[in-house]
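Next comes data.txt, a file with compact mmCIF, N, CA and C atoms.
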# COMPACT_ATOMS: atom_id res chain seq x y z
N MET A 9 -3.10 -10.94 27.05
CA MET A 9 -3.26 -9.53 26.70
C MET A 9 -2.46 -8.72 27.70
N SER A 10 -1.78 -7.69 27.25
CA SER A 10 -0.97 -6.87 28.13
C SER A 10 -1.84 -5.86 28.86
N GLU A 11 -1.37 -5.49 30.03
CA GLU A 11 -2.12 -4.52 30.81
C GLU A 11 -1.75 -3.11 30.38
N GLY A 12 -2.45 -2.11 30.92
CA GLY A 12 -2.26 -0.73 30.51
C GLY A 12 -0.85 -0.21 30.67
N GLY A 13 -0.06 -0.70 31.68
CA GLY A 13 1.26 -0.17 31.94
C GLY A 13 2.35 -0.82 31.11
N GLN A 14 2.09 -1.96 30.49
CA GLN A 14 3.12 -2.67 29.74
C GLN A 14 3.19 -2.18 28.30
N ARG A 15 4.39 -2.34 27.73
CA ARG A 15 4.59 -1.98 26.34
C ARG A 15 4.26 -3.18 25.46
N LEU A 16 3.88 -2.91 24.23
CA LEU A 16 3.59 -3.97 23.28
C LEU A 16 4.86 -4.37 22.55
N GLY A 17 4.95 -5.65 22.18
CA GLY A 17 6.03 -6.10 21.32
C GLY A 17 5.72 -5.72 19.87
N PHE A 18 6.59 -6.13 18.95
CA PHE A 18 6.39 -5.74 17.56
C PHE A 18 5.08 -6.27 16.99
N LEU A 19 4.75 -7.52 17.29
CA LEU A 19 3.49 -8.08 16.76
C LEU A 19 2.27 -7.37 17.33
N GLY A 20 2.35 -6.98 18.59
CA GLY A 20 1.25 -6.22 19.19
C GLY A 20 1.09 -4.86 18.55
N VAL A 21 2.24 -4.20 18.30
CA VAL A 21 2.21 -2.90 17.62
C VAL A 21 1.67 -3.06 16.21
N LEU A 22 2.10 -4.11 15.51
CA LEU A 22 1.63 -4.36 14.14
C LEU A 22 0.12 -4.57 14.13
N ARG A 23 -0.39 -5.32 15.09
CA ARG A 23 -1.84 -5.55 15.18
C ARG A 23 -2.58 -4.23 15.42
N GLU A 24 -2.08 -3.44 16.37
CA GLU A 24 -2.73 -2.16 16.67
C GLU A 24 -2.65 -1.20 15.49
N MET A 25 -1.52 -1.18 14.79
CA MET A 25 -1.37 -0.30 13.63
C MET A 25 -2.29 -0.74 12.48
N THR A 26 -2.50 -2.04 12.36
CA THR A 26 -3.42 -2.54 11.33
C THR A 26 -4.83 -2.02 11.61
N TRP A 27 -5.25 -2.08 12.86
CA TRP A 27 -6.57 -1.54 13.22
C TRP A 27 -6.60 -0.03 12.99
N ALA A 28 -5.48 0.64 13.24
CA ALA A 28 -5.43 2.09 13.02
C ALA A 28 -5.57 2.41 11.53
N PHE A 29 -4.94 1.59 10.66
CA PHE A 29 -5.07 1.79 9.22
C PHE A 29 -6.53 1.66 8.80
N LEU A 30 -7.25 0.76 9.45
CA LEU A 30 -8.66 0.58 9.12
C LEU A 30 -9.54 1.62 9.79
N GLY A 31 -8.99 2.37 10.72
CA GLY A 31 -9.73 3.44 11.38
C GLY A 31 -10.59 2.99 12.53
N VAL A 32 -10.33 1.83 13.10
CA VAL A 32 -11.11 1.33 14.23
C VAL A 32 -10.18 0.98 15.38
N ARG A 33 -9.86 2.00 16.17
CA ARG A 33 -9.01 1.79 17.34
C ARG A 33 -9.49 2.70 18.45
N ASP A 34 -9.61 2.16 19.64
CA ASP A 34 -10.08 2.98 20.75
C ASP A 34 -8.92 3.69 21.45
N ARG A 35 -9.25 4.59 22.32
CA ARG A 35 -8.25 5.44 22.98
C ARG A 35 -7.28 4.64 23.85
N ARG A 36 -7.77 3.62 24.51
CA ARG A 36 -6.91 2.81 25.38
C ARG A 36 -5.81 2.14 24.57
N ASN A 37 -6.16 1.58 23.43
CA ASN A 37 -5.15 0.94 22.57
C ASN A 37 -4.20 1.96 21.97
N TYR A 38 -4.70 3.15 21.64
CA TYR A 38 -3.84 4.21 21.12
C TYR A 38 -2.78 4.59 22.16
N GLU A 39 -3.21 4.78 23.40
CA GLU A 39 -2.27 5.16 24.46
C GLU A 39 -1.27 4.06 24.74
N ARG A 40 -1.70 2.81 24.67
CA ARG A 40 -0.79 1.70 24.91
C ARG A 40 0.24 1.60 23.78
N THR A 41 -0.19 1.83 22.54
CA THR A 41 0.72 1.75 21.40
C THR A 41 1.73 2.88 21.44
N THR A 42 1.32 4.07 21.85
CA THR A 42 2.24 5.20 21.87
C THR A 42 3.32 5.04 22.93
N ARG A 43 3.13 4.17 23.91
CA ARG A 43 4.16 3.90 24.92
C ARG A 43 5.12 2.81 24.45
N SER A 44 4.88 2.24 23.29
CA SER A 44 5.72 1.16 22.78
C SER A 44 6.98 1.72 22.16
N ASN A 45 7.85 0.80 21.78
CA ASN A 45 9.13 1.16 21.16
C ASN A 45 8.88 1.94 19.86
N PRO A 46 9.43 3.14 19.74
CA PRO A 46 9.21 3.95 18.53
C PRO A 46 9.69 3.24 17.25
N LEU A 47 10.74 2.44 17.36
CA LEU A 47 11.23 1.71 16.19
C LEU A 47 10.17 0.72 15.70
N HIS A 48 9.48 0.06 16.64
CA HIS A 48 8.41 -0.87 16.26
C HIS A 48 7.28 -0.13 15.53
N ILE A 49 6.94 1.05 16.01
CA ILE A 49 5.87 1.83 15.39
C ILE A 49 6.26 2.24 13.97
N ILE A 50 7.51 2.69 13.80
CA ILE A 50 7.99 3.11 12.47
C ILE A 50 8.03 1.93 11.52
N LEU A 51 8.58 0.79 11.97
CA LEU A 51 8.66 -0.39 11.10
C LEU A 51 7.26 -0.90 10.73
N ALA A 52 6.35 -0.90 11.68
CA ALA A 52 4.98 -1.35 11.39
C ALA A 52 4.32 -0.41 10.38
N GLY A 53 4.54 0.89 10.53
CA GLY A 53 3.98 1.86 9.58
C GLY A 53 4.52 1.67 8.17
N ILE A 54 5.83 1.44 8.06
CA ILE A 54 6.44 1.22 6.74
C ILE A 54 5.92 -0.08 6.13
N LEU A 55 5.86 -1.14 6.93
CA LEU A 55 5.37 -2.43 6.43
C LEU A 55 3.92 -2.34 5.97
N LEU A 56 3.07 -1.71 6.77
CA LEU A 56 1.66 -1.61 6.40
C LEU A 56 1.46 -0.70 5.19
N THR A 57 2.27 0.34 5.06
CA THR A 57 2.18 1.21 3.89
C THR A 57 2.57 0.45 2.64
N ALA A 58 3.65 -0.35 2.71
CA ALA A 58 4.07 -1.15 1.57
C ALA A 58 2.98 -2.16 1.18
N LEU A 59 2.37 -2.79 2.18
CA LEU A 59 1.29 -3.73 1.89
C LEU A 59 0.09 -3.04 1.26
N LEU A 60 -0.22 -1.83 1.72
CA LEU A 60 -1.33 -1.07 1.14
C LEU A 60 -1.04 -0.74 -0.33
N ILE A 61 0.17 -0.32 -0.62
CA ILE A 61 0.54 0.01 -2.00
C ILE A 61 0.47 -1.23 -2.88
N LEU A 62 1.00 -2.36 -2.39
CA LEU A 62 0.93 -3.61 -3.16
C LEU A 62 -0.52 -4.04 -3.40
N ALA A 63 -1.36 -3.86 -2.40
CA ALA A 63 -2.77 -4.22 -2.56
C ALA A 63 -3.44 -3.33 -3.61
N LEU A 64 -3.13 -2.04 -3.61
CA LEU A 64 -3.71 -1.13 -4.60
C LEU A 64 -3.23 -1.45 -6.01
N VAL A 65 -1.94 -1.73 -6.15
CA VAL A 65 -1.39 -2.10 -7.46
C VAL A 65 -2.03 -3.40 -7.94
N GLY A 66 -2.17 -4.36 -7.04
CA GLY A 66 -2.81 -5.62 -7.39
C GLY A 66 -4.27 -5.43 -7.80
N ALA A 67 -4.98 -4.55 -7.10
CA ALA A 67 -6.38 -4.30 -7.44
C ALA A 67 -6.50 -3.65 -8.82
N VAL A 68 -5.58 -2.74 -9.13
CA VAL A 68 -5.61 -2.10 -10.45
C VAL A 68 -5.30 -3.12 -11.54
N LYS A 69 -4.28 -3.95 -11.32
CA LYS A 69 -3.95 -4.98 -12.32
C LYS A 69 -5.11 -5.96 -12.50
N PHE A 70 -5.76 -6.31 -11.41
CA PHE A 70 -6.91 -7.22 -11.50
C PHE A 70 -8.05 -6.56 -12.26
N ALA A 71 -8.30 -5.28 -11.99
CA ALA A 71 -9.39 -4.57 -12.65
C ALA A 71 -9.14 -4.42 -14.14
N LEU A 72 -7.89 -4.18 -14.51
CA LEU A 72 -7.57 -4.03 -15.94
C LEU A 72 -7.52 -5.36 -16.65
N GLY A 73 -7.25 -6.41 -15.92
CA GLY A 73 -7.24 -7.75 -16.48
C GLY A 73 -6.21 -7.91 -17.57
N GLY A 74 -6.54 -8.66 -18.60
CA GLY A 74 -5.63 -8.93 -19.70
C GLY A 74 -5.89 -8.05 -20.90
N ARG A 75 -6.34 -6.84 -20.68
CA ARG A 75 -6.63 -5.95 -21.80
C ARG A 75 -5.35 -5.62 -22.57
N PRO A 76 -5.42 -5.63 -23.89
CA PRO A 76 -4.25 -5.23 -24.67
C PRO A 76 -4.05 -3.72 -24.59
N ALA A 77 -2.85 -3.31 -24.91
CA ALA A 77 -2.55 -1.88 -24.91
C ALA A 77 -3.28 -1.21 -26.06
N ALA A 78 -3.27 0.13 -26.08
CA ALA A 78 -3.92 0.88 -27.16
C ALA A 78 -3.25 0.52 -28.49
N ASP A 79 -3.97 0.68 -29.59
CA ASP A 79 -3.47 0.27 -30.90
C ASP A 79 -2.13 0.91 -31.25
N ALA A 80 -1.98 2.19 -31.04
CA ALA A 80 -0.75 2.87 -31.45
C ALA A 80 0.44 2.31 -30.68
N SER A 81 0.31 2.10 -29.39
CA SER A 81 1.44 1.61 -28.63
C SER A 81 1.62 0.11 -28.79
N ALA A 82 0.58 -0.61 -29.15
CA ALA A 82 0.69 -2.05 -29.32
C ALA A 82 1.52 -2.39 -30.55
N HIS A 83 1.50 -1.53 -31.56
CA HIS A 83 2.23 -1.80 -32.79
C HIS A 83 3.51 -0.99 -32.88
N ALA A 84 3.86 -0.29 -31.82
CA ALA A 84 5.05 0.56 -31.84
C ALA A 84 6.31 -0.31 -31.89
N VAL A 85 7.29 0.18 -32.64
CA VAL A 85 8.59 -0.47 -32.74
C VAL A 85 9.58 0.41 -31.99
N PRO A 86 10.34 -0.15 -31.06
CA PRO A 86 11.28 0.66 -30.31
C PRO A 86 12.27 1.38 -31.24
N GLY A 87 12.47 2.66 -31.01
CA GLY A 87 13.41 3.44 -31.79
C GLY A 87 12.82 4.04 -33.05
N LYS A 88 11.58 3.77 -33.37
CA LYS A 88 10.94 4.30 -34.57
C LYS A 88 9.85 5.28 -34.17
N VAL A 89 9.64 6.29 -34.98
CA VAL A 89 8.61 7.28 -34.74
C VAL A 89 7.34 6.83 -35.45
N MET A 90 6.23 6.82 -34.72
CA MET A 90 4.95 6.43 -35.31
C MET A 90 4.28 7.67 -35.91
N ILE A 91 3.71 7.53 -37.07
CA ILE A 91 3.01 8.63 -37.74
C ILE A 91 1.52 8.30 -37.76
N ASP A 92 0.74 9.25 -37.29
CA ASP A 92 -0.71 9.10 -37.32
C ASP A 92 -1.17 9.37 -38.74
N GLN A 93 -1.54 8.32 -39.47
CA GLN A 93 -1.88 8.48 -40.89
C GLN A 93 -3.20 9.19 -41.11
N GLN A 94 -4.07 9.16 -40.14
CA GLN A 94 -5.35 9.86 -40.30
C GLN A 94 -5.18 11.35 -40.17
N ARG A 95 -4.32 11.80 -39.26
CA ARG A 95 -4.14 13.24 -39.05
C ARG A 95 -2.90 13.77 -39.75
N GLY A 96 -2.05 12.92 -40.26
CA GLY A 96 -0.86 13.35 -40.98
C GLY A 96 0.24 13.86 -40.07
N GLU A 97 0.22 13.47 -38.80
CA GLU A 97 1.26 13.95 -37.88
C GLU A 97 2.32 12.89 -37.70

What would you get if you wrote out this structure as structure tokens?
Amino acid sequence: MSEGGQRLGFLGVLREMTWAFLGVRDRRNYERTTRSNPLHIILAGILLTALLILALVGAVKFALGGRPAADASAHAVPGKVMIDQQRGE
């Protein structure tokens, strides 16, 4: 473990940023991370944001499962206009 005066490497910054994403980080770790290489902090933030987005997309796909699309769009033919026969539109 690094001491208070040393900077963290990329993996250390990534670990600290992961805890920050979860909202559980103490002041000592915050101060140590802010003394680290700014490029490491930016890259870790971008990586964790991408992982968060992928996790959310995966959760939505999992929740929707294999449900078919709505009837009107399921039978749609590309390039053709669908007419709602019940409403006459």

Problem set entry | Nearest-residue call for A:Gly17, choices A:Lys88, A:Arg36, A:Lys69, A:His48, using all atoms listed in the file |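 Ranking A:Lys88, A:Arg36, A:Lys69, A:His48 by distance to A:Gly17, first place goes to A:His48.
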
Exercise. What lies within 6.5 Å of stretch 21-26 of chain A using only N, CA and C atoms, ignoring chain neighbours under 6 positions off, as a VMD selection string?
Worked result: chain A and resid 41 48 to 49 52

Exercise. What gap, in Å, lies between atom CA of A:Arg15 and atom CA of A:Asn45?
Worked result: 7.6 Å

Exercise. Atom C of A:Ile61 and atom N of A:Glu39, how far apart in Å?
Worked result: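 For atom N of A:Glu39 relative to atom C of A:Ile61, the distance reads 27.2 Å.
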
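Shortest atom-to-atom contact with A:Ser44 among A:Trp27, A:Val68, A:Leu56, A:Leu16: A:Leu16, counting only C-alpha atoms.
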
For this session: Please report, as an MDAnalysis selection string, each residue of stretch 26-59 of chain A to which DSSP assigns helix (DSSP H, G or I) when run on this structure's backbone.
Result: chainID A and resid 26:30 35:42 46:59

For this session: Please measure the separation of atom N of A:Ile54 and atom N of A:Gly31, giving the value in Å to one decimal.
Result: 15.1 Å
